Amino acid sequence: MVATATMGLEAIVAREIKDLGYEDIKVENGKVTFTAGIDAIPRANLWLRTSDRVKLLVGEFKAFTFDELFEKTKALPWADLIPANAEFPVIGRSVKSTLFSVPDCQAIVKKAVVESLKKKHNISWFDEDGPFYRIEVALHKDVATLTIDTSGEGLHKRGYRYLHNEAPLKETLAAALIKLTTWNPDRPFADPFCGSGTLPIEAAMIGQNLAPGFNRNFASDEWDWVGNDVWDKARQEVEDLARYDQKLDILGSDIDHRSVELAQNNAKEAGFADLITFKQMQVRDFSHKGSYGIIIGNPPYGERIGERDEVEFMYKQMGEALRKLDTWSVYMLTSNENFEELYGKKASKKRKLYNGNLKTDYYQYFGPRPPRKAD
């Protein structure tokens with residue numbers, strides 16, 4: 001199996017896979033490979049919060065010529081996985097490889113798979129009107145990796161965000177930002193730049209131990225060799241492990257009233273309308289009665305011409321407001337390299353992350369640990 005990941009999130013994805021009970025985990029750039037039984041197909045798709053997709057690794061080999069790519073692809077056990085009526089498009093990419101023409105590589109892989117299936121299924125024409133099996137040929141330094149996508153739509157499509165604002169934070173990145181903090185469901189959580197509500201909603205899901213894929217379907221739902229029983233068992237596990245009665249203190253606020261309405265609608269769609277409080281508020285006015293909470297924000301970065309001065313002034317105001325919450329921990333994601341100076345405090349730690357194609361830093365300000373509860 002291959003769980004793909006945004007650069008910088010591979011270790012978090014690996015930890016999630018380990019938490020699901022799978023081993024033989026190998027972390028590489030942009031992906032985590034692991035070995036598991038068929039039950040991992042539904043479980044990984046339902047539970048992985050920070051991975052982009054889950055793929056089945058069919059084969060990996062060196063290929064310097066088109067003939068080599070064709071013959072080695074044809075030799076793989078496609079008919080054990082792909083039924084005669086399947087729809088099986090081929091996508092591809094090539095980096096630092098002799099075979100650099102992606103359309104040619106795709107066409108050759110498609111032809112090789114067709115030849116392999118013809119032989120096993122004993123038919124010469126494929127209508128491709130059945131379940132969906134998207135094949136990918138990825139060439140990197142002359143090594144061809146052939147996979148089948150088990151997810152369908154990307155795993156960030158949780159099924160709750162029908163509407164979003166201009167620059168939405170991807171759900172997988174939002175979940176990773178939360179997992180990189182010390183937040184747990186007993187502590188308050190706040191996002192002063194909530195936008196369409198992604199961070200508060202992801203926090204509610206984590207807090208109640210709800211699988212992020214509980215509300216959607218996957219390509220492999222339709223695969224006979226995985227089977228309904230395996231999917232039913234995985235979905236029953238999701239239901240059994242959910243903590244619907246877990247109380248949460250989650251606040252999302254934003255300067256824009258339209259964003260607040262949007263966030264409320266998305267929270268309602270996710271089933272968290274009564275769990276998350278949303279308010280229209282400027283960050284300079286931010287306050288909270290709770291203590292030892294976690295603030296996570298994805299503020300405007302000031303990337304657009306004319307916005308920078310305004311954003312940098314807001315960062316100063318943010319620093320003044322949030323430093324008053326002296327028991328809280330603060331985590332901010334931004335591409336602005338002067339953030340610490342503007343905020344008025346050096347971060348305890350910072351981590352490089354990518355928000356889409358934009359290189360950002362995750363500035364982490366650690367507050368004191370909450371006192372231990374008496375037994």
# chains A, B, ... in the order shown; residues from 1 in each chain; ligands from 1

call {"tool": "select_by_dssp", "arguments": {"residues": "stretch 43-245 of chain A", "states": "strand (DSSP E or B)", "output": "PyMOL selection string"}}
result
chain A and resi 53-62+87+90-95+132+134-140+143-149+189-191

call {"tool": "residues_around", "arguments": {"residues": "A:Phe64", "least_positions_apart": "3", "cutoff": "12 Å", "atoms": "only C-alpha atoms", "output": "PyMOL selection string"}}
result
chain A and resi 61+67-72+96-100+105+139-144

call {"tool": "residues_around", "arguments": {"residues": "A:Asn184", "least_positions_apart": "6", "cutoff": "10 Å", "atoms": "only C-alpha atoms", "output": "NGL selection string"}}
result
:A and (178 or 203 or 206-207 or 248 or 293-294)

call {"tool": "closest_atom_pairs", "arguments": {"of": "stretch 311-373 of chain A", "to": "stretch 187-201 of chain A", "cutoff": "10 Å", "atoms": "only C-alpha atoms", "output": "JSON lines"}}
result
{"residue": "A:Met318", "atom": "CA", "partner": "A:Pro192", "partner_atom": "CA", "distance": 9.5}
{"residue": "A:Trp328", "atom": "CA", "partner": "A:Pro188", "partner_atom": "CA", "distance": 9.2}
{"residue": "A:Ser329", "atom": "CA", "partner": "A:Phe189", "partner_atom": "CA", "distance": 9.9}
{"residue": "A:Val330", "atom": "CA", "partner": "A:Ala190", "partner_atom": "CA", "distance": 9.5}
{"residue": "A:Tyr331", "atom": "CA", "partner": "A:Asp191", "partner_atom": "CA", "distance": 9.6}
{"residue": "A:Met332", "atom": "CA", "partner": "A:Asp191", "partner_atom": "CA", "distance": 9.7}
{"residue": "A:Pro370", "atom": "CA", "partner": "A:Arg187", "partner_atom": "CA", "distance": 8.8}

call {"tool": "select_by_dssp", "arguments": {"residues": "stretch 121-193 of chain A", "states": "helix (DSSP H, G or I)", "output": "list in words"}}
result
His121, Glu171, Thr172, Leu173, Ala174, Ala175, Ala176, Leu177, Ile178 and Lys179 of chain A

call {"tool": "closest_residue", "arguments": {"among": "A:Asp249, A:Asp221, A:Glu239, A:Glu23", "to": "A:Ser291", "atoms": "only C-alpha atoms"}}
result
A:Asp249

call {"tool": "closest_residue", "arguments": {"among": "A:Glu341, A:Glu136, A:Glu16, A:Asp52", "to": "A:Leu155", "atoms": "only C-alpha atoms"}}
result
A:Asp52

call {"tool": "closest_residue", "arguments": {"among": "A:Ser348, A:Asn266, A:Thr150, A:Thr182", "to": "A:Ile38", "atoms": "only C-alpha atoms"}}
result
A:Thr150

call {"tool": "closest_residue", "arguments": {"among": "A:Leu177, A:Val311, A:Val109, A:Val226", "to": "A:Lys352", "atoms": "only C-alpha atoms"}}
result
A:Leu177

call {"tool": "closest_residue", "arguments": {"among": "A:Val90, A:Arg53, A:His156, A:Ile17", "to": "A:Ala36", "atoms": "only C-alpha atoms"}}
result
A:Ile17

call {"tool": "atom_distance", "arguments": {"atom1": "atom CA of A:Asp19", "atom2": "atom CA of A:Ala44"}}
result
10.6 Å

call {"tool": "residues_around", "arguments": {"residues": "A:Ala273", "least_positions_apart": "4", "cutoff": "7 Å", "atoms": "only C-alpha atoms", "output": "MDAnalysis selection string"}}
result
chainID A and resid 264 267:268

call {"tool": "closest_residue", "arguments": {"among": "A:Glu269, A:Asp127, A:Glu310, A:Asp80", "to": "A:Gly159", "atoms": "only C-alpha atoms"}}
result
A:Glu269

call {"tool": "decode", "arguments": {"residues": "stretch 91-125 of chain A", "atoms": "N, CA, C and O atoms", "output": "JSON list (two decimals), in the first residue's frame"}}
result
[["chain", "number", "residue", "atom", "x", "y", "z"],
["A", 91, "ILE", "N", -3.14, 7.40, -15.60],
["A", 91, "ILE", "CA", -2.53, 8.73, -15.48],
["A", 91, "ILE", "C", -1.03, 8.52, -15.25],
["A", 91, "ILE", "O", -0.61, 7.41, -14.92],
["A", 92, "GLY", "N", -0.24, 9.56, -15.42],
["A", 92, "GLY", "CA", 1.20, 9.36, -15.25],
["A", 92, "GLY", "C", 1.97, 10.62, -14.91],
["A", 92, "GLY", "O", 1.44, 11.73, -14.98],
["A", 93, "ARG", "N", 3.21, 10.41, -14.51],
["A", 93, "ARG", "CA", 4.14, 11.53, -14.30],
["A", 93, "ARG", "C", 5.55, 10.97, -14.45],
["A", 93, "ARG", "O", 5.78, 9.77, -14.26],
["A", 94, "SER", "N", 6.47, 11.84, -14.81],
["A", 94, "SER", "CA", 7.86, 11.42, -15.02],
["A", 94, "SER", "C", 8.81, 12.50, -14.52],
["A", 94, "SER", "O", 8.66, 13.67, -14.88],
["A", 95, "VAL", "N", 9.75, 12.10, -13.66],
["A", 95, "VAL", "CA", 10.74, 13.03, -13.11],
["A", 95, "VAL", "C", 12.13, 12.41, -13.26],
["A", 95, "VAL", "O", 12.35, 11.27, -12.84],
["A", 96, "LYS", "N", 13.04, 13.18, -13.88],
["A", 96, "LYS", "CA", 14.44, 12.76, -14.03],
["A", 96, "LYS", "C", 14.56, 11.33, -14.60],
["A", 96, "LYS", "O", 15.32, 10.51, -14.07],
["A", 97, "SER", "N", 13.77, 11.03, -15.64],
["A", 97, "SER", "CA", 13.78, 9.70, -16.23],
["A", 97, "SER", "C", 14.01, 9.76, -17.74],
["A", 97, "SER", "O", 13.63, 10.74, -18.39],
["A", 98, "THR", "N", 14.60, 8.69, -18.29],
["A", 98, "THR", "CA", 14.83, 8.58, -19.73],
["A", 98, "THR", "C", 13.50, 8.64, -20.48],
["A", 98, "THR", "O", 13.38, 9.30, -21.52],
["A", 99, "LEU", "N", 12.49, 7.95, -19.96],
["A", 99, "LEU", "CA", 11.15, 7.99, -20.55],
["A", 99, "LEU", "C", 10.41, 9.22, -20.00],
["A", 99, "LEU", "O", 9.76, 9.15, -18.96],
["A", 100, "PHE", "N", 10.58, 10.34, -20.67],
["A", 100, "PHE", "CA", 10.05, 11.59, -20.12],
["A", 100, "PHE", "C", 8.69, 11.98, -20.68],
["A", 100, "PHE", "O", 8.02, 12.85, -20.14],
["A", 101, "SER", "N", 8.26, 11.35, -21.79],
["A", 101, "SER", "CA", 6.96, 11.70, -22.39],
["A", 101, "SER", "C", 5.83, 11.00, -21.64],
["A", 101, "SER", "O", 5.61, 9.79, -21.81],
["A", 102, "VAL", "N", 5.13, 11.75, -20.82],
["A", 102, "VAL", "CA", 4.07, 11.17, -19.99],
["A", 102, "VAL", "C", 2.94, 10.58, -20.84],
["A", 102, "VAL", "O", 2.50, 9.45, -20.59],
["A", 103, "PRO", "N", 2.44, 11.28, -21.89],
["A", 103, "PRO", "CA", 1.37, 10.68, -22.71],
["A", 103, "PRO", "C", 1.77, 9.34, -23.33],
["A", 103, "PRO", "O", 0.97, 8.41, -23.37],
["A", 104, "ASP", "N", 3.04, 9.24, -23.78],
["A", 104, "ASP", "CA", 3.50, 7.97, -24.35],
["A", 104, "ASP", "C", 3.55, 6.87, -23.30],
["A", 104, "ASP", "O", 3.14, 5.72, -23.56],
["A", 105, "CYS", "N", 4.04, 7.21, -22.11],
["A", 105, "CYS", "CA", 4.11, 6.22, -21.01],
["A", 105, "CYS", "C", 2.71, 5.74, -20.63],
["A", 105, "CYS", "O", 2.49, 4.54, -20.41],
["A", 106, "GLN", "N", 1.76, 6.66, -20.57],
["A", 106, "GLN", "CA", 0.37, 6.30, -20.24],
["A", 106, "GLN", "C", -0.20, 5.36, -21.30],
["A", 106, "GLN", "O", -0.83, 4.34, -20.96],
["A", 107, "ALA", "N", 0.03, 5.69, -22.56],
["A", 107, "ALA", "CA", -0.52, 4.87, -23.65],
["A", 107, "ALA", "C", 0.07, 3.45, -23.63],
["A", 107, "ALA", "O", -0.64, 2.46, -23.83],
["A", 108, "ILE", "N", 1.37, 3.36, -23.35],
["A", 108, "ILE", "CA", 2.05, 2.06, -23.32],
["A", 108, "ILE", "C", 1.56, 1.22, -22.14],
["A", 108, "ILE", "O", 1.31, 0.02, -22.29],
["A", 109, "VAL", "N", 1.40, 1.85, -20.98],
["A", 109, "VAL", "CA", 0.90, 1.13, -19.81],
["A", 109, "VAL", "C", -0.54, 0.65, -20.07],
["A", 109, "VAL", "O", -0.88, -0.50, -19.77],
["A", 110, "LYS", "N", -1.37, 1.51, -20.66],
["A", 110, "LYS", "CA", -2.75, 1.12, -20.96],
["A", 110, "LYS", "C", -2.76, -0.10, -21.88],
["A", 110, "LYS", "O", -3.47, -1.09, -21.63],
["A", 111, "LYS", "N", -1.95, -0.06, -22.93],
["A", 111, "LYS", "CA", -1.88, -1.16, -23.90],
["A", 111, "LYS", "C", -1.40, -2.45, -23.21],
["A", 111, "LYS", "O", -1.95, -3.54, -23.45],
["A", 112, "ALA", "N", -0.39, -2.32, -22.33],
["A", 112, "ALA", "CA", 0.15, -3.49, -21.63],
["A", 112, "ALA", "C", -0.88, -4.11, -20.70],
["A", 112, "ALA", "O", -1.01, -5.34, -20.61],
["A", 113, "VAL", "N", -1.64, -3.27, -20.00],
["A", 113, "VAL", "CA", -2.69, -3.76, -19.09],
["A", 113, "VAL", "C", -3.78, -4.46, -19.90],
["A", 113, "VAL", "O", -4.25, -5.55, -19.52],
["A", 114, "VAL", "N", -4.17, -3.86, -21.02],
["A", 114, "VAL", "CA", -5.19, -4.47, -21.89],
["A", 114, "VAL", "C", -4.73, -5.85, -22.36],
["A", 114, "VAL", "O", -5.49, -6.83, -22.29],
["A", 115, "GLU", "N", -3.49, -5.95, -22.79],
["A", 115, "GLU", "CA", -2.95, -7.24, -23.26],
["A", 115, "GLU", "C", -2.95, -8.27, -22.13],
["A", 115, "GLU", "O", -3.27, -9.45, -22.34],
["A", 116, "SER", "N", -2.58, -7.84, -20.93],
["A", 116, "SER", "CA", -2.56, -8.74, -19.77],
["A", 116, "SER", "C", -3.97, -9.23, -19.43],
["A", 116, "SER", "O", -4.18, -10.41, -19.16],
["A", 117, "LEU", "N", -4.94, -8.31, -19.48],
["A", 117, "LEU", "CA", -6.33, -8.66, -19.15],
["A", 117, "LEU", "C", -6.95, -9.55, -20.23],
["A", 117, "LEU", "O", -7.72, -10.46, -19.93],
["A", 118, "LYS", "N", -6.63, -9.26, -21.49],
["A", 118, "LYS", "CA", -7.14, -10.08, -22.62],
["A", 118, "LYS", "C", -6.80, -11.55, -22.40],
["A", 118, "LYS", "O", -7.63, -12.45, -22.57],
["A", 119, "LYS", "N", -5.55, -11.77, -22.06],
["A", 119, "LYS", "CA", -5.04, -13.13, -21.90],
["A", 119, "LYS", "C", -5.78, -13.87, -20.78],
["A", 119, "LYS", "O", -6.20, -15.00, -20.93],
["A", 120, "LYS", "N", -5.97, -13.18, -19.64],
["A", 120, "LYS", "CA", -6.58, -13.82, -18.46],
["A", 120, "LYS", "C", -8.10, -13.94, -18.59],
["A", 120, "LYS", "O", -8.70, -14.95, -18.25],
["A", 121, "HIS", "N", -8.75, -12.83, -19.04],
["A", 121, "HIS", "CA", -10.22, -12.81, -19.10],
["A", 121, "HIS", "C", -10.74, -13.43, -20.40],
["A", 121, "HIS", "O", -11.94, -13.60, -20.56],
["A", 122, "ASN", "N", -9.82, -13.71, -21.32],
["A", 122, "ASN", "CA", -10.17, -14.38, -22.58],
["A", 122, "ASN", "C", -11.20, -13.60, -23.40],
["A", 122, "ASN", "O", -12.14, -14.17, -23.94],
["A", 123, "ILE", "N", -11.05, -12.27, -23.41],
["A", 123, "ILE", "CA", -11.90, -11.42, -24.26],
["A", 123, "ILE", "C", -10.99, -10.42, -24.97],
["A", 123, "ILE", "O", -9.89, -10.14, -24.52],
["A", 124, "SER", "N", -11.48, -9.86, -26.09],
["A", 124, "SER", "CA", -10.63, -8.95, -26.87],
["A", 124, "SER", "C", -11.07, -7.49, -26.77],
["A", 124, "SER", "O", -10.36, -6.59, -27.20],
["A", 125, "TRP", "N", -12.27, -7.23, -26.21],
["A", 125, "TRP", "CA", -12.76, -5.86, -26.12],
["A", 125, "TRP", "C", -13.27, -5.58, -24.71],
["A", 125, "TRP", "O", -13.96, -6.40, -24.11]]
